[in-house]
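K.L.:
Below is the file data-v9.txt, with compact mmCIF, C-alpha atoms.
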```
# COMPACT_ATOMS: atom_id res chain seq x y z
CA MET H 1 13.07 0.31 12.50
CA ASN H 2 13.49 4.03 13.13
CA LEU H 3 13.50 4.55 9.36
CA LEU H 4 10.11 2.80 9.08
CA LEU H 5 8.70 4.91 11.92
CA GLU H 6 9.98 8.10 10.31
CA TRP H 7 8.60 6.97 6.93
CA ALA H 8 5.16 6.29 8.39
CA LEU H 9 5.10 9.52 10.42
CA THR H 10 6.19 11.87 7.63
CA SER H 11 3.83 10.17 5.15
CA SER H 12 0.90 10.59 7.54
CA VAL H 13 1.75 14.25 8.18
CA LEU H 14 2.00 14.91 4.44
CA ILE H 15 -1.39 13.26 3.83
CA VAL H 16 -2.99 15.44 6.52
CA VAL H 17 -1.43 18.55 4.93
CA VAL H 18 -2.80 17.63 1.49
CA LEU H 19 -6.22 16.91 2.98
CA ALA H 20 -6.21 20.36 4.57
CA LEU H 21 -5.11 22.03 1.32
CA ARG H 22 -7.78 20.07 -0.52
CA VAL H 23 -10.44 21.69 1.68
CA LEU H 24 -8.92 25.18 1.76
CA LEU H 25 -8.33 25.38 -2.00
CA ARG H 26 -11.59 23.79 -3.09
CA GLY H 27 -13.05 25.85 -5.91
CA ARG H 28 -9.97 28.09 -6.07
CA VAL H 29 -7.68 25.84 -8.11
CA SER H 30 -8.32 23.58 -11.07
CA LEU H 31 -9.37 20.02 -10.37
CA ARG H 32 -6.30 18.79 -12.22
CA LEU H 33 -4.05 20.74 -9.85
CA GLN H 34 -6.00 19.36 -6.90
CA TYR H 35 -5.38 15.87 -8.29
CA ALA H 36 -1.68 16.64 -8.88
CA MET H 37 -1.14 17.41 -5.19
CA TRP H 38 -1.46 13.71 -4.48
CA ALA H 39 1.69 13.07 -6.56
CA VAL H 40 3.75 14.57 -3.72
CA VAL H 41 2.15 12.16 -1.26
CA LEU H 42 2.68 9.23 -3.61
CA ALA H 43 6.37 10.06 -4.03
CA ARG H 44 6.83 10.07 -0.25
CA LEU H 45 4.92 6.80 0.16
CA LEU H 46 7.08 5.03 -2.41
CA PHE H 47 10.50 6.35 -1.36
CA PRO H 48 11.48 5.93 2.31
CA PHE H 49 14.66 8.02 2.34
CA GLN H 50 14.63 11.46 3.93
CA LEU H 51 15.54 14.40 1.73
CA PRO H 52 17.89 16.91 3.43
CA LEU H 53 15.55 19.91 3.51
CA PRO H 54 16.25 22.95 5.71
CA ALA H 55 13.74 23.07 8.53
CA PRO H 56 13.68 24.07 12.22
CA VAL H 57 12.81 20.49 13.19
CA SER H 58 13.70 17.53 11.00
CA ALA H 59 11.44 14.54 10.49
CA SER H 60 13.95 12.29 12.24
CA GLU H 61 13.60 14.43 15.37
CA LEU H 62 9.80 14.19 15.25
CA ALA H 63 9.82 10.41 14.88
CA PRO H 64 10.07 8.52 18.18
CA GLN H 65 13.46 6.96 18.72
CA VAL H 66 12.88 3.37 19.80
CA SER H 67 15.83 1.66 21.45
CA GLY H 68 16.38 -1.90 22.53
CA LEU H 69 14.42 -3.41 19.65
CA ASP H 70 17.45 -5.35 18.46
CA GLN H 71 17.67 -7.49 21.60
CA PRO H 72 16.65 -11.15 21.02
CA SER H 73 13.86 -11.53 23.54
CA ILE H 74 10.97 -13.33 21.79
CA PRO H 75 11.33 -17.14 21.50
CA VAL H 76 9.87 -19.08 18.59
CA LEU H 77 8.24 -22.40 19.67
CA PRO H 78 9.79 -22.26 23.14
CA VAL H 79 9.95 -24.92 25.83
CA ILE H 80 9.25 -23.29 29.20
CA TRP H 81 10.28 -24.50 32.63
CA SER H 82 9.98 -22.99 36.05
CA LEU H 83 13.22 -21.99 37.77
CA GLU H 84 12.41 -24.55 40.46
CA GLU H 85 12.35 -27.34 37.87
CA ILE H 86 15.68 -26.16 36.47
CA GLN H 87 17.26 -26.09 39.94
CA ASP H 88 15.94 -29.60 40.62
CA GLY H 89 17.50 -30.84 37.36
CA GLN H 90 14.18 -31.65 35.72
CA ALA H 91 14.94 -29.55 32.60
CA PRO H 92 17.08 -31.52 30.12
CA ASP H 93 20.35 -29.81 29.12
CA VAL H 94 19.47 -26.68 31.10
CA TRP H 95 20.93 -25.76 34.48
CA MET H 96 21.65 -22.86 36.76
CA GLY H 97 25.26 -21.71 36.75
CA SER H 98 27.31 -20.88 39.82
CA GLY H 99 26.58 -17.19 39.35
CA GLY H 100 22.84 -17.75 38.97
CA GLU H 101 22.88 -17.49 35.19
CA LEU H 102 21.02 -19.93 32.96
CA GLU H 103 23.12 -22.27 30.83
CA THR H 104 22.40 -24.96 28.28
CA ALA H 105 24.42 -27.73 26.71
CA ASN H 106 22.66 -27.36 23.36
CA SER H 107 24.77 -25.00 21.25
CA GLY H 108 21.98 -24.69 18.67
CA GLY H 109 19.62 -22.81 20.96
CA MET H 110 19.43 -20.31 23.76
CA VAL H 111 17.84 -20.26 27.19
CA GLN H 112 16.68 -17.01 28.81
CA PRO H 113 14.48 -16.03 31.75
CA VAL H 114 10.90 -15.12 30.88
CA GLY H 115 8.99 -13.59 33.74
CA GLU H 116 9.98 -13.83 37.38
CA ASP H 117 9.97 -17.60 37.95
CA GLN H 118 10.27 -19.11 34.47
CA ALA H 119 12.85 -19.68 31.77
CA ALA H 120 12.40 -20.60 28.12
CA TYR H 121 14.57 -22.54 25.70
CA ALA H 122 14.19 -22.08 21.92
CA LEU H 123 16.26 -22.69 18.84
CA LEU H 124 15.28 -19.29 17.46
CA TRP H 125 14.91 -16.01 19.31
CA LEU H 126 13.66 -12.91 17.53
CA SER H 127 14.09 -9.29 18.46
CA PRO H 128 10.98 -7.07 18.60
CA GLU H 129 12.31 -5.30 15.51
CA GLN H 130 12.45 -8.60 13.61
CA VAL H 131 8.91 -9.45 14.69
CA VAL H 132 7.64 -6.06 13.46
CA LEU H 133 9.44 -6.49 10.12
CA ILE H 134 8.01 -10.00 9.70
CA LEU H 135 4.48 -8.76 10.43
CA TRP H 136 4.93 -5.83 8.04
CA GLY H 137 6.26 -8.12 5.31
CA ALA H 138 3.44 -10.61 5.81
CA GLY H 139 0.82 -7.86 5.63
CA ALA H 140 2.44 -6.41 2.51
CA ALA H 141 2.52 -9.83 0.84
CA ILE H 142 -1.14 -10.52 1.65
CA THR H 143 -2.21 -7.07 0.42
CA ALA H 144 -0.21 -7.52 -2.79
CA LEU H 145 -1.77 -10.93 -3.44
CA VAL H 146 -5.30 -9.63 -2.82
CA LEU H 147 -4.87 -6.62 -5.12
CA LEU H 148 -3.09 -8.64 -7.79
CA GLY H 149 -5.69 -11.40 -7.65
CA ALA H 150 -8.59 -8.95 -7.93
CA ASN H 151 -7.05 -7.24 -10.97
CA LEU H 152 -6.17 -10.53 -12.65
CA ARG H 153 -9.73 -11.82 -12.21
CA PHE H 154 -11.11 -8.57 -13.61
CA SER H 155 -8.70 -8.72 -16.56
CA ILE H 156 -9.72 -12.30 -17.38
CA ARG H 157 -13.42 -11.38 -17.23
CA LEU H 158 -12.84 -8.47 -19.59
CA ARG H 159 -10.85 -10.51 -22.11
CA ARG H 160 -13.39 -13.31 -22.17
CA SER H 161 -16.42 -11.06 -22.67
CA ARG H 162 -15.12 -8.17 -24.76
CA ARG H 163 -15.70 -7.52 -28.43
CA ALA H 164 -13.96 -4.85 -30.48
CA PHE H 165 -15.60 -1.49 -31.00
CA PRO H 166 -13.90 0.51 -33.77
CA ILE H 167 -13.12 4.15 -33.02
CA GLN H 168 -11.33 6.44 -35.42
CA ASN H 169 -8.23 8.36 -34.33
CA ALA H 170 -8.34 6.92 -30.79
CA ALA H 171 -5.13 6.68 -28.77
CA VAL H 172 -6.16 3.28 -27.35
CA PRO H 173 -8.49 0.52 -28.59
CA ALA H 174 -12.08 0.29 -27.38
CA TYR H 175 -14.21 -2.74 -26.54
CA ILE H 176 -17.78 -3.48 -25.51
CA THR H 177 -18.37 -5.79 -22.57
CA GLU H 178 -21.35 -6.70 -20.43
CA CYS H 179 -19.34 -7.60 -17.31
CA ILE H 180 -18.91 -4.01 -16.06
CA CYS H 181 -21.38 -1.59 -14.52
CA SER H 182 -19.81 1.55 -15.99
CA PRO H 183 -17.20 2.35 -18.67
CA CYS H 184 -13.56 2.29 -17.65
CA LEU H 185 -9.96 2.44 -18.80
CA PHE H 186 -8.13 -0.74 -17.84
CA GLY H 187 -4.71 -2.23 -18.52
CA LEU H 188 -1.13 -1.29 -17.71
CA PHE H 189 0.96 -2.26 -20.76
CA ARG H 190 -1.96 -2.39 -23.23
CA PRO H 191 -4.61 -0.06 -21.84
CA ALA H 192 -8.01 -0.03 -23.50
CA VAL H 193 -11.38 1.64 -23.05
CA TYR H 194 -14.22 -0.68 -22.09
CA LEU H 195 -17.80 0.43 -22.80
CA THR H 196 -21.08 -0.95 -21.60
CA PRO H 197 -23.60 -1.85 -24.35
CA GLU H 198 -25.84 1.02 -23.20
CA SER H 199 -23.10 3.65 -23.39
CA ALA H 200 -21.98 2.40 -26.80
CA ALA H 201 -25.49 2.47 -28.25
CA ASP H 202 -26.18 6.15 -27.57
CA GLU H 203 -23.99 8.38 -29.75
CA GLN H 204 -24.03 11.40 -27.43
CA VAL H 205 -23.37 9.32 -24.32
CA ARG H 206 -20.62 7.44 -26.16
CA ARG H 207 -18.97 10.72 -27.15
CA HIS H 208 -18.96 11.94 -23.54
CA VAL H 209 -17.73 8.61 -22.17
CA LEU H 210 -14.89 8.36 -24.69
CA ALA H 211 -13.81 11.92 -23.90
CA HIS H 212 -13.70 11.05 -20.20
CA GLU H 213 -11.85 7.74 -20.58
CA LEU H 214 -9.37 9.11 -23.11
CA THR H 215 -8.62 11.92 -20.68
CA HIS H 216 -7.79 9.20 -18.14
CA PHE H 217 -5.30 7.85 -20.66
CA ALA H 218 -3.86 11.31 -21.32
CA HIS H 219 -3.36 11.77 -17.56
CA ARG H 220 -1.68 8.32 -17.42
CA ASP H 221 -4.13 7.28 -14.73
CA HIS H 222 -3.63 3.60 -15.55
CA ILE H 223 -0.02 4.02 -14.35
CA TRP H 224 -1.00 6.07 -11.31
CA ALA H 225 -3.47 3.34 -10.34
CA VAL H 226 -0.67 0.77 -10.22
CA LEU H 227 1.51 3.10 -8.14
CA ARG H 228 -1.39 3.66 -5.74
CA CYS H 229 -1.69 -0.09 -5.29
CA LEU H 230 2.05 -0.29 -4.59
CA ALA H 231 1.70 2.42 -1.95
CA LEU H 232 -1.14 0.44 -0.34
CA VAL H 233 1.05 -2.67 -0.30
CA LEU H 234 3.88 -0.82 1.45
CA HIS H 235 1.59 1.02 3.90
CA TRP H 236 -1.21 -1.51 4.38
CA TYR H 237 -1.29 -0.78 8.12
CA ASN H 238 -1.95 2.97 7.76
CA PRO H 239 -5.64 3.98 7.40
CA LEU H 240 -4.60 7.44 6.21
CA VAL H 241 -2.95 5.86 3.15
CA TRP H 242 -6.14 3.98 2.30
CA ALA H 243 -8.10 7.24 2.65
CA ALA H 244 -5.55 9.04 0.46
CA ALA H 245 -5.82 6.34 -2.22
CA TYR H 246 -9.62 6.62 -2.23
CA LEU H 247 -9.69 10.42 -2.34
CA SER H 248 -6.96 10.67 -4.96
CA ARG H 249 -8.95 8.31 -7.16
CA GLN H 250 -12.00 10.53 -6.70
CA ASP H 251 -9.96 13.61 -7.57
CA GLY H 252 -8.68 11.81 -10.67
CA GLU H 253 -12.25 11.23 -11.81
CA LEU H 254 -13.12 14.90 -11.23
CA ALA H 255 -10.01 16.03 -13.12
CA CYS H 256 -11.04 13.82 -16.03
CA ASP H 257 -14.55 15.28 -15.99
CA GLU H 258 -13.00 18.76 -16.12
CA GLY H 259 -10.73 17.79 -19.01
CA ALA H 260 -13.53 16.08 -20.91
CA ILE H 261 -15.83 19.09 -20.56
CA ARG H 262 -13.03 21.32 -21.83
CA GLN H 263 -12.61 19.10 -24.89
CA LEU H 264 -16.34 18.88 -25.60
```
Can the structure from this file be put into structure tokens for me?
P.N.:
Amino acid sequence: MNLLLEWALTSSVLIVVVLALRVLLRGRVSLRLQYAMWAVVLARLLFPFQLPLPAPVSASELAPQVSGLDQPSIPVLPVIWSLEEIQDGQAPDVWMGSGGELETANSGGMVQPVGEDQAAYALLWLSPEQVVLILWGAGAAITALVLLGANLRFSIRLRRSRRAFPIQNAAVPAYITECICSPCLFGLFRPAVYLTPESAADEQVRRHVLAHELTHFAHRDHIWAVLRCLALVLHWYNPLVWAAAYLSRQDGELACDEGAIRQL
């Protein structure tokens, strides 16, 4: 649990630092270098371990140390009785011991006091740490399914509507499709450039678009896009990570514009 807190805290601090550098260095460094700064954030978001770097205060000292999270105190589907009912023998297989402690004859479950005048019996008790991990895992699974589903639907639409567009000496194949609003590079293992009919019809526009999209391929942005999605899955709860993913994508587009202009 403390590792997750440290991971979230140091990732958030690093994002804030990059955001500040992004503002301070605007116009003073190349757009590609501005885009490359996000690689440091991405590495931290994907790897939770702490590197032993010399510093006056370590990240583990900054992160709040939460204790007592491993105590089983949250019942799952509990049966609750008042202490008066237990003392009167109205609770089956649950009684008050000679020392005032709660006891049960059912070895498969546990009975514990909840509140001042109540007790709960449940087969399964979870610690707060386990509850947090379950919620984090559920959120990560939902985010992964949503992102995967959106990309699969988009991939199917592209494959069903595309038609080949021959380009000489291109690093990746190109297709024309009517199901997109603007040209794009899409695909992880077999990336391809997808053009709109309008951009393919105009020779000058097509030349500019191909330069931009092929620069995306040269920067390996189709791989960075997948890693960004993985970071969102792991840190779905952190709005700073969503902001970082959005801004890094914008910086990637600007870096490609810069590279395409240089080529043209």
K.L.:
Quote the spacing between atom CA of Val41 of chain H and atom CA of Ala20 of chain H in Å to one decimal place.
P.N.:
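Going from atom CA of Val41 of chain H over to atom CA of Ala20 of chain H covers 13.1 Å.
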K.L.:
Taking only residues of segment 122-199 of chain H that have an atom at most 12 Å from an atom of segment 221-232 of chain H, what is each one's shortest atom pair and its distance in Å to one decimal, using all atoms listed in the file, in chain and number order, as JSON lines?
P.N.:
```
{"residue": "H:Gly139", "atom": "CA", "partner": "H:Leu232", "partner_atom": "CA", "distance": 10.4}
{"residue": "H:Ala140", "atom": "CA", "partner": "H:Leu232", "partner_atom": "CA", "distance": 8.2}
{"residue": "H:Ala141", "atom": "CA", "partner": "H:Leu232", "partner_atom": "CA", "distance": 11.0}
{"residue": "H:Ile142", "atom": "CA", "partner": "H:Leu232", "partner_atom": "CA", "distance": 11.1}
{"residue": "H:Thr143", "atom": "CA", "partner": "H:Leu232", "partner_atom": "CA", "distance": 7.6}
{"residue": "H:Ala144", "atom": "CA", "partner": "H:Leu230", "partner_atom": "CA", "distance": 7.8}
{"residue": "H:Leu145", "atom": "CA", "partner": "H:Cys229", "partner_atom": "CA", "distance": 11.0}
{"residue": "H:Val146", "atom": "CA", "partner": "H:Cys229", "partner_atom": "CA", "distance": 10.5}
{"residue": "H:Leu147", "atom": "CA", "partner": "H:Cys229", "partner_atom": "CA", "distance": 7.3}
{"residue": "H:Leu148", "atom": "CA", "partner": "H:Cys229", "partner_atom": "CA", "distance": 9.0}
{"residue": "H:Ala150", "atom": "CA", "partner": "H:Cys229", "partner_atom": "CA", "distance": 11.5}
{"residue": "H:Asn151", "atom": "CA", "partner": "H:Val226", "partner_atom": "CA", "distance": 10.3}
{"residue": "H:Cys184", "atom": "CA", "partner": "H:His222", "partner_atom": "CA", "distance": 10.2}
{"residue": "H:Leu185", "atom": "CA", "partner": "H:His222", "partner_atom": "CA", "distance": 7.2}
{"residue": "H:Phe186", "atom": "CA", "partner": "H:His222", "partner_atom": "CA", "distance": 6.7}
{"residue": "H:Gly187", "atom": "CA", "partner": "H:His222", "partner_atom": "CA", "distance": 6.6}
{"residue": "H:Leu188", "atom": "CA", "partner": "H:His222", "partner_atom": "CA", "distance": 5.9}
{"residue": "H:Phe189", "atom": "CA", "partner": "H:Ile223", "partner_atom": "CA", "distance": 9.0}
{"residue": "H:Arg190", "atom": "CA", "partner": "H:His222", "partner_atom": "CA", "distance": 9.9}
{"residue": "H:Pro191", "atom": "CA", "partner": "H:His222", "partner_atom": "CA", "distance": 7.3}
{"residue": "H:Ala192", "atom": "CA", "partner": "H:His222", "partner_atom": "CA", "distance": 9.8}
{"residue": "H:Val193", "atom": "CA", "partner": "H:His222", "partner_atom": "CA", "distance": 11.0}
```
K.L.:
Could you tell me how far atom CA of Glu116 of chain H lies from atom CA of Ser73 of chain H, in Å and to one decimal?
P.N.:
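Taking atom CA of Glu116 of chain H and atom CA of Ser73 of chain H, their separation equals 14.6 Å.
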K.L.:
When distances are computed from only C-alpha atoms, which of H:Val40, H:Leu21, H:Leu31, H:Ala174 shows the smallest separation from Gly252 of chain H?
P.N.:
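Of all the options, H:Leu31 lies closest to Gly252 of chain H.
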K.L.:
Can you tell me which residues surround Arg163 of chain H at a distance of at most 7 Å, considering only C-alpha atoms, apart from same-chain residues fewer than 5 positions away, and format the answer as a list in words?
P.N.:
Tyr175, Ile176 and Thr177 of chain H
K.L.:
Those residues you just picked out, can you put them in a file as a short mmCIF file (atom, residue, chain, number, x, y, z; two decimals), in the frame of the given file with C-alpha atoms?
P.N.:
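Dumped everything to out_24.cif:
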```
data_model
loop_
_atom_site.label_atom_id
_atom_site.label_comp_id
_atom_site.auth_asym_id
_atom_site.auth_seq_id
_atom_site.Cartn_x
_atom_site.Cartn_y
_atom_site.Cartn_z
CA TYR H 175 -14.21 -2.74 -26.54
CA ILE H 176 -17.78 -3.48 -25.51
CA THR H 177 -18.37 -5.79 -22.57
#
```
K.L.:
Could you please determine the separation between atom CA of Leu124 of chain H and atom CA of Met110 of chain H in Å, to one decimal place?
P.N.:
7.6 Å
K.L.:
Leaving out Asn238 of chain H and any residue of its chain fewer than 3 positions from it, which residues lie within 12 Å of it when counting all atoms listed in the file, given as an mmCIF file with C-alpha atoms, in the frame of the given file?
P.N.:
```
data_model
loop_
_atom_site.group_PDB
_atom_site.id
_atom_site.type_symbol
_atom_site.label_atom_id
_atom_site.label_comp_id
_atom_site.auth_asym_id
_atom_site.auth_seq_id
_atom_site.Cartn_x
_atom_site.Cartn_y
_atom_site.Cartn_z
ATOM 1 C CA LEU H 5 8.700 4.910 11.920
ATOM 2 C CA TRP H 7 8.600 6.970 6.930
ATOM 3 C CA ALA H 8 5.160 6.290 8.390
ATOM 4 C CA LEU H 9 5.100 9.520 10.420
ATOM 5 C CA SER H 11 3.830 10.170 5.150
ATOM 6 C CA SER H 12 0.900 10.590 7.540
ATOM 7 C CA VAL H 13 1.750 14.250 8.180
ATOM 8 C CA ILE H 15 -1.390 13.260 3.830
ATOM 9 C CA LEU H 45 4.920 6.800 0.160
ATOM 10 C CA TRP H 136 4.930 -5.830 8.040
ATOM 11 C CA GLY H 139 0.820 -7.860 5.630
ATOM 12 C CA ALA H 140 2.440 -6.410 2.510
ATOM 13 C CA ALA H 231 1.700 2.420 -1.950
ATOM 14 C CA LEU H 232 -1.140 0.440 -0.340
ATOM 15 C CA VAL H 233 1.050 -2.670 -0.300
ATOM 16 C CA LEU H 234 3.880 -0.820 1.450
ATOM 17 C CA HIS H 235 1.590 1.020 3.900
ATOM 18 C CA VAL H 241 -2.950 5.860 3.150
ATOM 19 C CA TRP H 242 -6.140 3.980 2.300
ATOM 20 C CA ALA H 243 -8.100 7.240 2.650
ATOM 21 C CA ALA H 244 -5.550 9.040 0.460
ATOM 22 C CA ALA H 245 -5.820 6.340 -2.220
#
```
K.L.:
So which one's closest to Cys256 of chain H, H:Val172, H:Leu33, H:Ala138, H:Ala119? Using only C-alpha atoms, please.
P.N.:
H:Leu33
K.L.:
With all atoms listed in the file as the atoms that count, which of H:Gln168, H:Pro197, H:Arg206, H:Gly109 lies nearest to Cys181 of chain H?
P.N.:
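Under the stated criterion, the closest residue is H:Pro197.
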K.L.:
Just checking: using all atoms listed in the file, which residue out of H:Ala170, H:Val16, H:Ser30, H:Leu4 ends up closest to Phe47 of chain H?
P.N.:
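Among the listed residues, the smallest separation from Phe47 of chain H belongs to H:Leu4.
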K.L.:
Which residues are close to Leu158 of chain H, i.e. within 9 Å by only C-alpha atoms, leaving aside same-chain residues fewer than 5 positions away? Reply as an MDAnalysis selection string.
P.N.:
chainID H and resid 153 177:180 194
